[in-house]
Amino acid sequence: QRLSPMVEQKAANPADKDRIFELVKLVTDTHTTEALAHIIYGDLLNTYDQKEEALQQFTQASQIDGSSYEVWHQMLVINYELKHFDKLASVSTQVIELFPNQPYPYYFNGIACNELKTYDKAIKSLKQGTLISADNQNLSAQMYSLLGSIYNETKDFEKSDNSFEKALKITPNDPYILNNYSYFLSLRNFNLERAAQMAEKANQLEPNNSSFEDTYAWVLYKQKKYADARLWIEKAISRNTDNSATLLEHYGDILFQLNEPDKAVENWKKAKEKNGGSEFLDKKIKDRKLYE
């Protein structure tokens with residue numbers, strides 16, 4: 001009872017911090033079979049961004065007493081933050097069995113399975129999650145958005161578009177959903193007017209985001225509005241000191257269409273140095289021509 005508030009307050013004084021750690025570790029070492037002791041220690045470690053160590057404490061707590069959903073949720077979040085997707089898939093499956101009416105485990109399982117490219121499992125989890133997440137509108141929208149991305153990856157474009165539309169019906173002003181949906185449409189060269197409207201709106205909602213500016217530039221490029229596309233791609237590049245291969249390749253493509261082949265090749269070469277880009281990048285550089 002005395003330690004919990006101390007942990008929550010997060011000592012600003014280094015001496016107080018050391019003392020709190022000393023006390024919490026003492027309690028945990030003395031009461032190794034008390035789940036609450038491990039939870040308090042896990043909270044403290046997590047507060048100071050010692051996530052691996054915090055995960056160990058929460059795992060021990062769950063093994064002693066697995067009845068607390070909050071402990072499992074912490075494990076899901078930390079595994080996600082650490083990008084332990086194998087572990088996240090395993091733990092989220094376990095949590096779904098223990099707490100089938102909690103929506104977040106389905107979302108985290110969908111994320112993990114998507115990263116592991118087990119798309120059928122991801123789709124199954126996310127579809128189940130949307131059925132029980134009606135009370136959490138933002139989470140429901142995120143699940144539909146992730147479904148849209150996965151369906152796009154599996155080339156089920158109709159279901160992809162339907163999923164994104166469901167997400168936007170719930171949260172019409174989410175800039176990330178607008179941006180992602182717009183970009184996927186541009187890659188397919190499909191419904192470009194809708195893509196342009198969404199990309200423009202995403203930039204209005206969250207200005208100065210280089211990724212959003214790149215998306216809008218690419219939609220304009222697909223609409224053959226090359227001068228406008230250049231303005232937006234240059235905004236993105238000026239804002240980002242570590243530009244991605246995709247962004248630099250896009251810039252090269254736009255410059256080529258504006259009859260500046262030397263600058264186009266220069267940016268394609270920069271894209272190649274980033275170890276990314278499209279399947280056509282080497283051929284563009286070699287032949288000094290645009291391939292799509």
# chains A, B, ... in the order shown; residues from 1 in each chain; ligands from 1
call {"tool": "select_by_dssp", "arguments": {"residues": "stretch 44-283 of chain A", "states": "helix (DSSP H, G or I)", "output": "JSON, numbers by chain"}}
result
{"A": [44, 45, 46, 47, 51, 52, 53, 54, 55, 56, 57, 58, 59, 60, 61, 62, 63, 64, 69, 70, 71, 72, 73, 74, 75, 76, 77, 78, 79, 80, 81, 85, 86, 87, 88, 89, 90, 91, 92, 93, 94, 95, 96, 97, 98, 104, 105, 106, 107, 108, 109, 110, 111, 112, 113, 114, 115, 119, 120, 121, 122, 123, 124, 125, 126, 127, 128, 129, 130, 131, 137, 138, 139, 140, 141, 142, 143, 144, 145, 146, 147, 148, 149, 150, 151, 152, 153, 157, 158, 159, 160, 161, 162, 163, 164, 165, 166, 167, 168, 169, 170, 175, 176, 177, 178, 179, 180, 181, 182, 183, 184, 185, 186, 187, 188, 192, 193, 194, 195, 196, 197, 198, 199, 200, 201, 202, 203, 204, 205, 210, 211, 212, 213, 214, 215, 216, 217, 218, 219, 220, 221, 222, 226, 227, 228, 229, 230, 231, 232, 233, 234, 235, 236, 237, 238, 239, 245, 246, 247, 248, 249, 250, 251, 252, 253, 254, 255, 256, 257, 261, 262, 263, 264, 265, 266, 267, 268, 269, 270, 271, 272, 273, 281, 282, 283]}
call {"tool": "residues_around", "arguments": {"residues": "A:Phe164", "least_positions_apart": "4", "cutoff": "9 Å", "atoms": "only C-alpha atoms", "output": "PDB file with N, CA, C and O atoms, in the first residue's frame"}}
result
ATOM      1  N   ALA A 141     -12.107   1.503 -35.481  1.00  0.00           N
ATOM      2  CA  ALA A 141     -11.624   2.123 -36.719  1.00  0.00           C
ATOM      3  C   ALA A 141     -10.214   1.641 -37.054  1.00  0.00           C
ATOM      4  O   ALA A 141      -9.897   1.373 -38.221  1.00  0.00           O
ATOM      5  N   TYR A 144     -10.419  -1.859 -38.538  1.00  0.00           N
ATOM      6  CA  TYR A 144     -10.864  -1.830 -39.935  1.00  0.00           C
ATOM      7  C   TYR A 144      -9.754  -1.301 -40.852  1.00  0.00           C
ATOM      8  O   TYR A 144      -9.568  -1.798 -41.970  1.00  0.00           O
ATOM      9  N   SER A 145      -9.003  -0.309 -40.371  1.00  0.00           N
ATOM     10  CA  SER A 145      -7.906   0.239 -41.162  1.00  0.00           C
ATOM     11  C   SER A 145      -6.819  -0.806 -41.398  1.00  0.00           C
ATOM     12  O   SER A 145      -6.300  -0.945 -42.518  1.00  0.00           O
ATOM     13  N   LEU A 146      -6.485  -1.551 -40.339  1.00  0.00           N
ATOM     14  CA  LEU A 146      -5.483  -2.609 -40.486  1.00  0.00           C
ATOM     15  C   LEU A 146      -5.987  -3.701 -41.428  1.00  0.00           C
ATOM     16  O   LEU A 146      -5.223  -4.233 -42.247  1.00  0.00           O
ATOM     17  N   LEU A 147      -7.267  -4.022 -41.322  1.00  0.00           N
ATOM     18  CA  LEU A 147      -7.850  -4.980 -42.265  1.00  0.00           C
ATOM     19  C   LEU A 147      -7.708  -4.469 -43.700  1.00  0.00           C
ATOM     20  O   LEU A 147      -7.382  -5.237 -44.618  1.00  0.00           O
ATOM     21  N   GLY A 148      -7.926  -3.173 -43.895  1.00  0.00           N
ATOM     22  CA  GLY A 148      -7.773  -2.587 -45.228  1.00  0.00           C
ATOM     23  C   GLY A 148      -6.375  -2.763 -45.761  1.00  0.00           C
ATOM     24  O   GLY A 148      -6.177  -3.109 -46.934  1.00  0.00           O
ATOM     25  N   SER A 149      -5.379  -2.559 -44.894  1.00  0.00           N
ATOM     26  CA  SER A 149      -3.989  -2.718 -45.311  1.00  0.00           C
ATOM     27  C   SER A 149      -3.667  -4.174 -45.658  1.00  0.00           C
ATOM     28  O   SER A 149      -2.964  -4.457 -46.633  1.00  0.00           O
ATOM     29  N   LYS A 159     -12.355  -5.735 -50.778  1.00  0.00           N
ATOM     30  CA  LYS A 159     -12.467  -5.818 -49.314  1.00  0.00           C
ATOM     31  C   LYS A 159     -11.576  -4.769 -48.641  1.00  0.00           C
ATOM     32  O   LYS A 159     -11.917  -4.244 -47.580  1.00  0.00           O
ATOM     33  N   SER A 160     -10.450  -4.472 -49.261  1.00  0.00           N
ATOM     34  CA  SER A 160      -9.573  -3.432 -48.730  1.00  0.00           C
ATOM     35  C   SER A 160     -10.300  -2.094 -48.702  1.00  0.00           C
ATOM     36  O   SER A 160     -10.335  -1.410 -47.668  1.00  0.00           O
ATOM     37  N   LEU A 168     -13.293   4.958 -41.974  1.00  0.00           N
ATOM     38  CA  LEU A 168     -13.525   6.399 -42.106  1.00  0.00           C
ATOM     39  C   LEU A 168     -14.943   6.798 -41.727  1.00  0.00           C
ATOM     40  O   LEU A 168     -15.183   7.941 -41.323  1.00  0.00           O
ATOM     41  N   LYS A 169     -15.857   5.874 -41.825  1.00  0.00           N
ATOM     42  CA  LYS A 169     -17.221   6.162 -41.379  1.00  0.00           C
ATOM     43  C   LYS A 169     -17.245   6.372 -39.866  1.00  0.00           C
ATOM     44  O   LYS A 169     -18.021   7.180 -39.342  1.00  0.00           O
ATOM     45  N   ILE A 177      -5.405   7.124 -41.316  1.00  0.00           N
ATOM     46  CA  ILE A 177      -6.268   6.280 -42.136  1.00  0.00           C
ATOM     47  C   ILE A 177      -6.476   6.920 -43.508  1.00  0.00           C
ATOM     48  O   ILE A 177      -6.402   6.255 -44.546  1.00  0.00           O
ATOM     49  N   LEU A 178      -6.726   8.221 -43.520  1.00  0.00           N
ATOM     50  CA  LEU A 178      -6.895   8.941 -44.793  1.00  0.00           C
ATOM     51  C   LEU A 178      -5.656   8.805 -45.666  1.00  0.00           C
ATOM     52  O   LEU A 178      -5.754   8.543 -46.868  1.00  0.00           O
ATOM     53  N   ASN A 180      -3.181   6.477 -45.546  1.00  0.00           N
ATOM     54  CA  ASN A 180      -2.909   5.110 -45.993  1.00  0.00           C
ATOM     55  C   ASN A 180      -3.858   4.682 -47.114  1.00  0.00           C
ATOM     56  O   ASN A 180      -3.437   4.085 -48.115  1.00  0.00           O
ATOM     57  N   TYR A 181      -5.134   4.982 -46.922  1.00  0.00           N
ATOM     58  CA  TYR A 181      -6.131   4.625 -47.936  1.00  0.00           C
ATOM     59  C   TYR A 181      -5.813   5.339 -49.248  1.00  0.00           C
ATOM     60  O   TYR A 181      -5.827   4.728 -50.335  1.00  0.00           O
TER      61      TYR A 181
END
call {"tool": "residues_around", "arguments": {"residues": "A:Lys127", "least_positions_apart": "2", "cutoff": "9 Å", "atoms": "only C-alpha atoms", "output": "PyMOL selection string"}}
result
chain A and resi 106+122-125+129-131+143-144+147
call {"tool": "closest_residue", "arguments": {"among": "A:Ser238, A:Asn162, A:Asn191, A:Thr154", "to": "A:Asn208", "atoms": "only C-alpha atoms"}}
result
A:Ser238
call {"tool": "residues_around", "arguments": {"residues": "A:Asn46", "least_positions_apart": "4", "cutoff": "12 Å", "atoms": "only C-alpha atoms", "output": "ChimeraX atom specification"}}
result
/A:7-8,10,38-42,50-58,74-75,77-78,81
call {"tool": "residues_around", "arguments": {"residues": "A:Pro103", "least_positions_apart": "5", "cutoff": "12 Å", "atoms": "only C-alpha atoms", "output": "PyMOL selection string"}}
result
chain A and resi 69+73+92+95-97+108-110+125-140+142-143
call {"tool": "write_last_selection", "arguments": {"atoms": "N, CA, C and O atoms", "output": "compact mmCIF listing (two decimals), in the first residue's frame"}}
result
# COMPACT_ATOMS: atom_id res chain seq x y z
N TYR A 69 -6.64 -9.00 -16.11
CA TYR A 69 -6.49 -8.63 -17.52
C TYR A 69 -5.48 -7.51 -17.69
O TYR A 69 -4.71 -7.48 -18.67
N HIS A 73 -2.58 -7.10 -20.42
CA HIS A 73 -2.59 -5.98 -21.36
C HIS A 73 -1.23 -5.28 -21.39
O HIS A 73 -0.74 -4.91 -22.47
N SER A 92 -0.99 -12.85 -27.21
CA SER A 92 -2.33 -12.37 -27.55
C SER A 92 -3.29 -13.54 -27.77
O SER A 92 -4.47 -13.45 -27.40
N VAL A 95 -4.27 -14.61 -24.36
CA VAL A 95 -5.18 -13.66 -23.72
C VAL A 95 -6.59 -13.76 -24.31
O VAL A 95 -7.58 -13.64 -23.60
N ILE A 96 -6.68 -14.00 -25.61
CA ILE A 96 -8.00 -14.17 -26.24
C ILE A 96 -8.74 -15.35 -25.62
O ILE A 96 -9.95 -15.29 -25.38
N GLU A 97 -8.01 -16.42 -25.34
CA GLU A 97 -8.63 -17.60 -24.71
C GLU A 97 -9.09 -17.29 -23.29
O GLU A 97 -10.15 -17.75 -22.85
N PHE A 108 -4.07 -6.65 -31.16
CA PHE A 108 -2.65 -6.95 -31.08
C PHE A 108 -2.30 -8.24 -31.82
O PHE A 108 -1.23 -8.35 -32.43
N ASN A 109 -3.19 -9.22 -31.79
CA ASN A 109 -2.96 -10.45 -32.53
C ASN A 109 -2.95 -10.16 -34.03
O ASN A 109 -2.13 -10.71 -34.78
N GLY A 110 -3.85 -9.28 -34.46
CA GLY A 110 -3.87 -8.88 -35.86
C GLY A 110 -2.59 -8.19 -36.29
O GLY A 110 -2.05 -8.46 -37.36
N SER A 125 -8.63 -12.69 -36.63
CA SER A 125 -8.61 -12.01 -35.34
C SER A 125 -9.25 -10.63 -35.42
O SER A 125 -10.04 -10.24 -34.56
N LEU A 126 -8.90 -9.89 -36.45
CA LEU A 126 -9.41 -8.53 -36.58
C LEU A 126 -10.92 -8.51 -36.82
O LEU A 126 -11.63 -7.65 -36.29
N LYS A 127 -11.40 -9.44 -37.62
CA LYS A 127 -12.85 -9.51 -37.86
C LYS A 127 -13.59 -9.84 -36.58
O LYS A 127 -14.65 -9.27 -36.29
N GLN A 128 -13.03 -10.75 -35.77
CA GLN A 128 -13.64 -11.06 -34.48
C GLN A 128 -13.59 -9.83 -33.58
O GLN A 128 -14.56 -9.53 -32.86
N GLY A 129 -12.47 -9.12 -33.61
CA GLY A 129 -12.31 -7.94 -32.77
C GLY A 129 -13.31 -6.85 -33.09
O GLY A 129 -13.82 -6.19 -32.17
N THR A 130 -13.59 -6.64 -34.37
CA THR A 130 -14.55 -5.59 -34.73
C THR A 130 -15.95 -5.89 -34.22
O THR A 130 -16.75 -4.97 -34.00
N LEU A 131 -16.25 -7.17 -34.00
CA LEU A 131 -17.59 -7.54 -33.52
C LEU A 131 -17.81 -7.17 -32.06
O LEU A 131 -18.95 -7.04 -31.62
N ILE A 132 -16.70 -7.03 -31.29
CA ILE A 132 -16.86 -6.76 -29.87
C ILE A 132 -16.25 -5.42 -29.46
O ILE A 132 -16.12 -5.15 -28.27
N SER A 133 -15.91 -4.59 -30.43
CA SER A 133 -15.26 -3.31 -30.09
C SER A 133 -16.16 -2.11 -30.34
O SER A 133 -15.67 -0.98 -30.44
N ALA A 134 -17.47 -2.34 -30.44
CA ALA A 134 -18.39 -1.25 -30.77
C ALA A 134 -18.32 -0.11 -29.76
O ALA A 134 -18.53 1.06 -30.11
N ASP A 135 -18.03 -0.43 -28.51
CA ASP A 135 -17.98 0.61 -27.48
C ASP A 135 -16.70 1.44 -27.56
O ASP A 135 -16.60 2.48 -26.91
N ASN A 136 -15.73 0.97 -28.31
CA ASN A 136 -14.47 1.69 -28.47
C ASN A 136 -14.32 2.05 -29.94
O ASN A 136 -13.75 1.31 -30.73
N GLN A 137 -14.86 3.21 -30.30
CA GLN A 137 -14.93 3.62 -31.70
C GLN A 137 -13.54 3.74 -32.34
O GLN A 137 -13.34 3.29 -33.47
N ASN A 138 -12.60 4.32 -31.63
CA ASN A 138 -11.27 4.51 -32.20
C ASN A 138 -10.59 3.17 -32.47
O ASN A 138 -9.99 2.97 -33.52
N LEU A 139 -10.71 2.24 -31.51
CA LEU A 139 -10.10 0.92 -31.69
C LEU A 139 -10.75 0.19 -32.87
O LEU A 139 -10.06 -0.43 -33.68
N SER A 140 -12.06 0.29 -32.96
CA SER A 140 -12.77 -0.35 -34.06
C SER A 140 -12.29 0.19 -35.40
O SER A 140 -12.04 -0.57 -36.35
N GLN A 142 -9.36 1.52 -36.03
CA GLN A 142 -8.00 1.06 -36.27
C GLN A 142 -7.98 -0.38 -36.78
O GLN A 142 -7.15 -0.75 -37.62
N MET A 143 -8.90 -1.20 -36.27
CA MET A 143 -8.96 -2.59 -36.74
C MET A 143 -9.42 -2.65 -38.19
O MET A 143 -8.86 -3.41 -38.98
call {"tool": "closest_atom_pairs", "arguments": {"of": "stretch 246-280 of chain A", "to": "stretch 218-237 of chain A", "cutoff": "7 Å", "atoms": "only C-alpha atoms", "output": "tab-separated table"}}
result
residue	atom	partner	partner_atom	distance
A:Tyr251	CA	A:Ile233	CA	6.3
A:Ile254	CA	A:Tyr226	CA	6.2
A:Gln257	CA	A:Tyr226	CA	6.9
A:Leu258	CA	A:Tyr226	CA	6.7
call {"tool": "residues_around", "arguments": {"residues": "stretch 64-66 of chain A", "least_positions_apart": "2", "cutoff": "9 Å", "atoms": "only C-alpha atoms", "output": "PyMOL selection string"}}
result
chain A and resi 33-35+59-62+68-69+71-72+98
call {"tool": "residues_around", "arguments": {"residues": "A:Asp262", "least_positions_apart": "6", "cutoff": "12 Å", "atoms": "only C-alpha atoms", "output": "list in words"}}
result
Gly252, Asp253, Leu255, Phe256, Trp268, Lys269, Lys284, Ile285, Asp287, Arg288 and Lys289 of chain A
call {"tool": "write_last_selection", "arguments": {"atoms": "all heavy atoms", "output": "short mmCIF file (atom, residue, chain, number, x, y, z; two decimals), in the first residue's frame"}}
result
data_model
loop_
_atom_site.label_atom_id
_atom_site.label_comp_id
_atom_site.auth_asym_id
_atom_site.auth_seq_id
_atom_site.Cartn_x
_atom_site.Cartn_y
_atom_site.Cartn_z
N GLY A 252 12.48 11.45 -58.14
CA GLY A 252 13.09 11.21 -59.44
C GLY A 252 12.07 11.02 -60.54
O GLY A 252 12.21 11.57 -61.65
N ASP A 253 11.03 10.26 -60.26
CA ASP A 253 9.99 10.02 -61.26
C ASP A 253 9.30 11.32 -61.67
O ASP A 253 9.04 11.57 -62.86
CB ASP A 253 8.94 9.04 -60.71
CG ASP A 253 9.48 7.64 -60.52
OD1 ASP A 253 10.66 7.40 -60.87
OD2 ASP A 253 8.73 6.78 -60.02
N LEU A 255 10.53 14.39 -61.42
CA LEU A 255 11.48 15.21 -62.18
C LEU A 255 11.62 14.72 -63.62
O LEU A 255 11.75 15.52 -64.56
CB LEU A 255 12.85 15.20 -61.49
CG LEU A 255 12.92 15.97 -60.17
CD1 LEU A 255 14.22 15.65 -59.44
CD2 LEU A 255 12.80 17.48 -60.41
N PHE A 256 11.61 13.40 -63.81
CA PHE A 256 11.71 12.86 -65.17
C PHE A 256 10.53 13.33 -66.01
O PHE A 256 10.70 13.70 -67.18
CB PHE A 256 11.76 11.34 -65.14
CG PHE A 256 12.08 10.73 -66.47
CD1 PHE A 256 13.39 10.51 -66.85
CD2 PHE A 256 11.06 10.39 -67.37
CE1 PHE A 256 13.70 9.97 -68.10
CE2 PHE A 256 11.36 9.86 -68.61
CZ PHE A 256 12.68 9.65 -68.97
N TRP A 268 17.28 8.99 -58.22
CA TRP A 268 17.17 7.53 -58.26
C TRP A 268 18.40 6.88 -57.63
O TRP A 268 18.30 5.89 -56.91
CB TRP A 268 17.00 7.05 -59.70
CG TRP A 268 15.66 7.39 -60.29
CD1 TRP A 268 14.50 7.62 -59.62
CD2 TRP A 268 15.35 7.54 -61.68
NE1 TRP A 268 13.48 7.91 -60.50
CE2 TRP A 268 13.97 7.85 -61.77
CE3 TRP A 268 16.09 7.43 -62.86
CZ2 TRP A 268 13.33 8.05 -63.00
CZ3 TRP A 268 15.46 7.63 -64.10
CH2 TRP A 268 14.09 7.94 -64.15
N LYS A 269 19.58 7.46 -57.90
CA LYS A 269 20.80 6.93 -57.31
C LYS A 269 20.80 7.10 -55.79
O LYS A 269 21.25 6.21 -55.05
CB LYS A 269 22.02 7.62 -57.92
CG LYS A 269 22.31 7.20 -59.36
CD LYS A 269 23.52 7.92 -59.93
CE LYS A 269 23.84 7.45 -61.35
NZ LYS A 269 25.00 8.20 -61.91
N LYS A 284 15.89 1.96 -64.23
CA LYS A 284 15.76 3.41 -64.45
C LYS A 284 17.13 4.07 -64.48
O LYS A 284 17.42 4.90 -65.36
CB LYS A 284 14.94 4.03 -63.31
CG LYS A 284 13.47 3.69 -63.28
CD LYS A 284 12.84 4.34 -62.05
CE LYS A 284 11.40 3.95 -61.87
NZ LYS A 284 10.80 4.51 -60.64
N ILE A 285 17.97 3.71 -63.52
CA ILE A 285 19.30 4.31 -63.43
C ILE A 285 20.15 3.92 -64.64
O ILE A 285 20.81 4.77 -65.26
CB ILE A 285 19.99 3.88 -62.13
CG1 ILE A 285 19.23 4.43 -60.92
CG2 ILE A 285 21.45 4.34 -62.10
CD1 ILE A 285 19.66 3.85 -59.58
N ASP A 287 19.22 2.79 -67.71
CA ASP A 287 18.73 3.24 -69.02
C ASP A 287 18.39 4.73 -69.04
O ASP A 287 18.07 5.27 -70.10
CB ASP A 287 17.47 2.45 -69.42
CG ASP A 287 17.76 0.96 -69.58
OD1 ASP A 287 18.96 0.61 -69.69
OD2 ASP A 287 16.79 0.17 -69.59
N ARG A 288 18.41 5.38 -67.83
CA ARG A 288 18.03 6.79 -67.74
C ARG A 288 16.64 7.03 -68.31
O ARG A 288 16.39 8.01 -69.00
CB ARG A 288 19.08 7.69 -68.43
CG ARG A 288 20.46 7.63 -67.80
CD ARG A 288 21.46 8.47 -68.60
NE ARG A 288 21.09 9.87 -68.63
CZ ARG A 288 21.40 10.75 -67.70
NH1 ARG A 288 22.08 10.38 -66.63
NH2 ARG A 288 21.04 12.02 -67.83
N LYS A 289 15.78 6.09 -68.02
CA LYS A 289 14.39 6.16 -68.49
C LYS A 289 13.45 5.80 -67.36
O LYS A 289 13.85 5.13 -66.39
CB LYS A 289 14.17 5.20 -69.66
CG LYS A 289 14.82 5.62 -70.97
CD LYS A 289 14.67 4.56 -72.04
CE LYS A 289 13.22 4.26 -72.35
NZ LYS A 289 13.06 3.23 -73.41
#
call {"tool": "atom_distance", "arguments": {"atom1": "atom CA of A:Asn173", "atom2": "atom CA of A:Leu185"}}
result
17.9 Å
call {"tool": "atom_distance", "arguments": {"atom1": "atom CA of A:Asp29", "atom2": "atom CA of A:Leu82"}}
result
26.0 Å
call {"tool": "closest_residue", "arguments": {"among": "A:Thr246, A:Pro261, A:Asp174, A:Asp120", "to": "A:Lys274", "atoms": "only C-alpha atoms"}}
result
A:Thr246
call {"tool": "closest_residue", "arguments": {"among": "A:Thr215, A:Asp86, A:Glu206, A:Gln197", "to": "A:Asn179", "atoms": "only C-alpha atoms"}}
result
A:Thr215
